[in-house]
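For reference, the structure is listed below as structure tokens.
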Amino acid sequence: MLIRKIKKTFFMLGKLLADLRRRRNLYELANDLDSPVVDRYYFVFREDRVASGKDQALIRKFDADGIPLNKTYIDVDGREDVYFPISIGQMGLAVFHTFLETQSETDRTRFLKFADWFVRHAEHDPECGARWMTHVPLPQYGNPGPWQSAFSQSRGISILVRAFRLTREKRVAELAESALIPFTRPVDEGGVTVFTPWGPFYEEYPASAPTLVLNGMIFALCGVQDFVRVFPDHPEARRILEDGIRTLEGILPEYDLGYWSRYNLCRMDGYPDPDPATLGYQRLHVVQLEMLHRLTGKDVFREFAERFRKQDRWWNALRMYRIKHRALRRLKRL
């Protein structure tokens with residue numbers, strides 16, 4: 001038990017040091033966010049940074065097709081290397097960015113292997129459509145797994161619509177469309193949506209109560225936006241996107257602690273309140289909100305991007321990490 005606690009402590013210290021070393025501007029924003037031709041993702045992922053773990057810390061190895069495997073979370077017993085759809089999607093998008101630069105057949109083939117992974121690993125359900133499940137527990141949210149995720153759905157859709165651009169294969173487009181169905185279903189019925197006073201919220205981490213992770217919700221909208229770009233006349237996709245943006249407009253003030261942003265709005269019994277964002281997530285929130293302002297033109301996203309950016313001061317970070325440490329101990333993650 002003592003050795004495990006020491007390992008957890010060093011793991012969390014490592015995350016802190018990684019946050020401190022990370023660039024303030026985490027990602028470059030792409031230029032054409034709503035072009036009908038899906039080129040770069042909304043955030044330009046660089047293959048060398050993602051593959052090395054600089055922008056995706058849990059990636060540890062790659063299989064024979066170049067698909068990454070993650071180390072599971074530090075507080076999961078019996079840890080092993082597993083496939084995480086979220087990080088697989090990020091790596092695939094980074095490879096697609098490489099292809100856009102090189103236009104080489106080799107990089108095209110490498111990217112299509114990611115699309116093939118999402119095709120082969122989709123779990124089909126007559127009520128919930130196509131889902132990509134993650135087969136590890138979520139101890140902090142009391143979910144033993146496997147679990148569906150709006151973030152995973154988004155990554156799969158973003159990969160598939162880019163593969164459709166390259167191949168024009170109907171089955172790829174149909175799978176991307178089927179992956180929208182979980183956005184129309186509540187979490188307790190196998191979907192990825194919880195219904196809040198502000199509107200539908202698309203959950204990164206489903207649990208017995210809403211967890212409402214901010215960055216996961218924003219990333220979820222990116223995949224839906226990708227689908228709408230390719231299929232602008234699809235009414236369900238457009239409704240999912242517009243409903244999600246309205247929800248964010250209303251709920252965003254709830255994430256402001258005055259000195260920092262919240263990571264989530266989890267209200268599960270026994271969950272610490274507040275659970276502030278780490279430094280890395282604070283900076284991610286800023287760039288995500290800048291992207292939403294550029295995409296929608298809505299002032300609320302620009303205002304909160306500026307607010308969260310101004311909060312990024314060392315004295316606020318020290319206050320946050322003191323509270324974050326207390327939250328992690330309460331969750332038994334330290």
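Convention: chains lettered A, B, ... in structure tokens order; per-chain residue numbering from 1; ligands numbered from 1 as shown.
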- Message: Please list as number ranges by chain every residue within 6 Å of range 116-131 of chain A, counting only C-alpha atoms and excluding residues in the same chain fewer than 2 positions away.
- Response: A: 113-114, 178-179, 181-182
- Task: Using DSSP on the backbone coordinates, identify all residues within range 230-290 of chain A classified as helix (DSSP H, G or I); present the result as an NGL selection string.
- Result: :A and (230 or 235-255 or 279-290)
Resulting file, chosen residues, N, CA and C atoms, as a compact mmCIF listing (two decimals), in the first residue's frame:
# COMPACT_ATOMS: atom_id res chain seq x y z
N VAL A 230 -19.26 18.14 -43.62
CA VAL A 230 -19.30 17.23 -44.77
C VAL A 230 -20.74 17.00 -45.24
N PRO A 235 -30.18 16.97 -40.70
CA PRO A 235 -30.86 17.75 -39.64
C PRO A 235 -30.50 17.32 -38.23
N GLU A 236 -30.33 16.02 -38.00
CA GLU A 236 -30.03 15.54 -36.64
C GLU A 236 -28.66 16.02 -36.19
N ALA A 237 -27.67 15.93 -37.08
CA ALA A 237 -26.32 16.38 -36.72
C ALA A 237 -26.33 17.87 -36.41
N ARG A 238 -27.01 18.65 -37.22
CA ARG A 238 -27.05 20.10 -36.98
C ARG A 238 -27.76 20.41 -35.66
N ARG A 239 -28.81 19.67 -35.34
CA ARG A 239 -29.52 19.90 -34.08
C ARG A 239 -28.63 19.56 -32.89
N ILE A 240 -27.90 18.44 -32.97
CA ILE A 240 -26.99 18.06 -31.88
C ILE A 240 -25.95 19.16 -31.67
N LEU A 241 -25.40 19.67 -32.76
CA LEU A 241 -24.38 20.72 -32.68
C LEU A 241 -24.96 22.00 -32.08
N GLU A 242 -26.06 22.47 -32.59
CA GLU A 242 -26.63 23.74 -32.14
C GLU A 242 -27.12 23.65 -30.69
N ASP A 243 -27.70 22.52 -30.32
CA ASP A 243 -28.14 22.34 -28.93
C ASP A 243 -26.94 22.36 -27.99
N GLY A 244 -25.85 21.70 -28.39
CA GLY A 244 -24.65 21.66 -27.54
C GLY A 244 -24.03 23.03 -27.37
N ILE A 245 -24.00 23.82 -28.43
CA ILE A 245 -23.43 25.17 -28.33
C ILE A 245 -24.29 26.03 -27.40
N ARG A 246 -25.61 25.92 -27.51
CA ARG A 246 -26.49 26.68 -26.61
C ARG A 246 -26.28 26.27 -25.15
N THR A 247 -26.10 24.97 -24.92
CA THR A 247 -25.83 24.51 -23.56
C THR A 247 -24.56 25.15 -23.02
N LEU A 248 -23.51 25.16 -23.81
CA LEU A 248 -22.25 25.75 -23.37
C LEU A 248 -22.40 27.24 -23.07
N GLU A 249 -23.15 27.95 -23.91
CA GLU A 249 -23.38 29.37 -23.66
C GLU A 249 -23.96 29.60 -22.27
N GLY A 250 -24.91 28.77 -21.89
CA GLY A 250 -25.58 28.96 -20.62
C GLY A 250 -24.80 28.46 -19.42
N ILE A 251 -24.10 27.34 -19.59
CA ILE A 251 -23.46 26.69 -18.44
C ILE A 251 -22.07 27.22 -18.16
N LEU A 252 -21.45 27.90 -19.12
CA LEU A 252 -20.05 28.29 -18.99
C LEU A 252 -19.75 29.09 -17.73
N PRO A 253 -20.59 30.04 -17.30
CA PRO A 253 -20.28 30.77 -16.07
C PRO A 253 -20.13 29.88 -14.84
N GLU A 254 -20.74 28.70 -14.86
CA GLU A 254 -20.65 27.80 -13.71
C GLU A 254 -19.24 27.25 -13.52
N TYR A 255 -18.42 27.32 -14.55
CA TYR A 255 -17.05 26.80 -14.47
C TYR A 255 -16.05 27.82 -13.96
N LEU A 279 -3.21 23.12 -14.44
CA LEU A 279 -2.67 24.19 -15.27
C LEU A 279 -2.83 23.87 -16.76
N GLY A 280 -2.55 22.61 -17.12
CA GLY A 280 -2.69 22.22 -18.52
C GLY A 280 -4.11 22.35 -19.02
N TYR A 281 -5.09 21.95 -18.19
CA TYR A 281 -6.48 22.05 -18.61
C TYR A 281 -6.96 23.50 -18.60
N GLN A 282 -6.46 24.32 -17.69
CA GLN A 282 -6.80 25.75 -17.72
C GLN A 282 -6.42 26.34 -19.08
N ARG A 283 -5.22 26.01 -19.54
CA ARG A 283 -4.75 26.55 -20.82
C ARG A 283 -5.49 25.91 -21.99
N LEU A 284 -5.87 24.64 -21.84
CA LEU A 284 -6.68 23.99 -22.88
C LEU A 284 -8.04 24.67 -22.98
N HIS A 285 -8.65 25.00 -21.84
CA HIS A 285 -9.94 25.70 -21.87
C HIS A 285 -9.84 26.99 -22.66
N VAL A 286 -8.75 27.72 -22.48
CA VAL A 286 -8.57 28.99 -23.18
C VAL A 286 -8.58 28.78 -24.70
N VAL A 287 -7.77 27.85 -25.18
CA VAL A 287 -7.67 27.67 -26.63
C VAL A 287 -8.95 27.06 -27.19
N GLN A 288 -9.63 26.21 -26.42
CA GLN A 288 -10.90 25.66 -26.88
C GLN A 288 -11.95 26.76 -27.03
N LEU A 289 -12.01 27.66 -26.07
CA LEU A 289 -12.99 28.74 -26.13
C LEU A 289 -12.66 29.73 -27.24
N GLU A 290 -11.38 29.95 -27.49
CA GLU A 290 -11.00 30.79 -28.63
C GLU A 290 -11.49 30.14 -29.93
- Which residues, written as a PyMOL selection string, have at least one atom at most 7 Å from Arg262 in chain A, with only C-alpha atoms counted and residues fewer than 4 positions away on the same chain left out? chain A and resi 255-257+274-277
- Measuring atom to atom with only C-alpha atoms, identify which of A:Gly191, A:Phe304, A:Pro210, A:Ile323 is nearest to Gly142 in chain A. A:Pro210
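Remark: for Gln153 in chain A, the closest of the candidate residues A:Phe195, A:Phe99, A:Phe219, A:Tyr41 is A:Phe219 (distances computed over only C-alpha atoms).
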- Would you mind listing what lies within 9 Å of Tyr202 in chain A as a PyMOL selection string, with only C-alpha atoms counted and same-chain residues fewer than 3 positions away left out? chain A and resi 149-151+183+192-195+212-213+216-218+220-221+244
- Query: What is the distance, in Å and to one decimal place, between CA of Leu93 in chain A and CA of Pro68 in chain A?
  - Reply: 12.5 Å
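Each of A:Leu180, A:Met91, A:Met320, A:Ala209 was compared to Arg267 in chain A using only C-alpha atoms, and A:Ala209 turns out to be the nearest.
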Can you write out as a tab-separated table which residues of range 154-266 of chain A fall within 9 Å of range 81-89 of chain A, alongside each residue's closest atom pair and its distance in Å to one decimal, counting only C-alpha atoms and ordering rows by chain and ascending residue number?
residue	atom	partner	partner_atom	distance
A:Ser154	CA	A:Ile86	CA	8.5
A:Arg155	CA	A:Gly89	CA	4.9
A:Gly156	CA	A:Gly89	CA	6.4
A:Ser158	CA	A:Gly89	CA	7.9
A:Ile159	CA	A:Gly89	CA	6.6
Emit the selected residues as a short mmCIF file (atom, residue, chain, number, x, y, z; two decimals), in the first residue's frame, including N, CA and C atoms.
data_model
loop_
_atom_site.label_atom_id
_atom_site.label_comp_id
_atom_site.auth_asym_id
_atom_site.auth_seq_id
_atom_site.Cartn_x
_atom_site.Cartn_y
_atom_site.Cartn_z
N SER A 154 -16.74 11.54 -30.84
CA SER A 154 -16.25 12.67 -31.62
C SER A 154 -14.98 12.31 -32.39
N ARG A 155 -14.04 11.67 -31.70
CA ARG A 155 -12.79 11.29 -32.35
C ARG A 155 -13.06 10.33 -33.51
N GLY A 156 -13.92 9.35 -33.27
CA GLY A 156 -14.24 8.40 -34.34
C GLY A 156 -14.83 9.09 -35.55
N SER A 158 -14.52 12.25 -36.46
CA SER A 158 -13.52 13.10 -37.12
C SER A 158 -12.59 12.28 -38.01
N ILE A 159 -12.20 11.09 -37.54
CA ILE A 159 -11.35 10.22 -38.35
C ILE A 159 -12.13 9.71 -39.57
#
- Note on the structure: Between A:Thr106, A:Ile67, A:Pro206, A:Glu80, smallest distance to Val187 in chain A by only C-alpha atoms belongs to A:Pro206
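The space separating CA of Val224 in chain A from CA of Leu29 in chain A comes to 17.6 Å.
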- Message: If you run DSSP on the backbone here, which positions in range 60-126 of chain A get strand (DSSP E or B)? Please write them as a list of chain:residue names.
- Response: A:Arg60, A:Lys61, A:Phe62, A:Pro68, A:Leu69, A:Asn70, A:Lys71, A:Asp81, A:Val82, A:Glu123, A:His124, A:Asp125
- Item | Nearest to Gly270 in chain A, chosen from A:Leu175, A:Leu69, A:Val50, A:Ala327, with only C-alpha atoms counted in the distances | A:Ala327
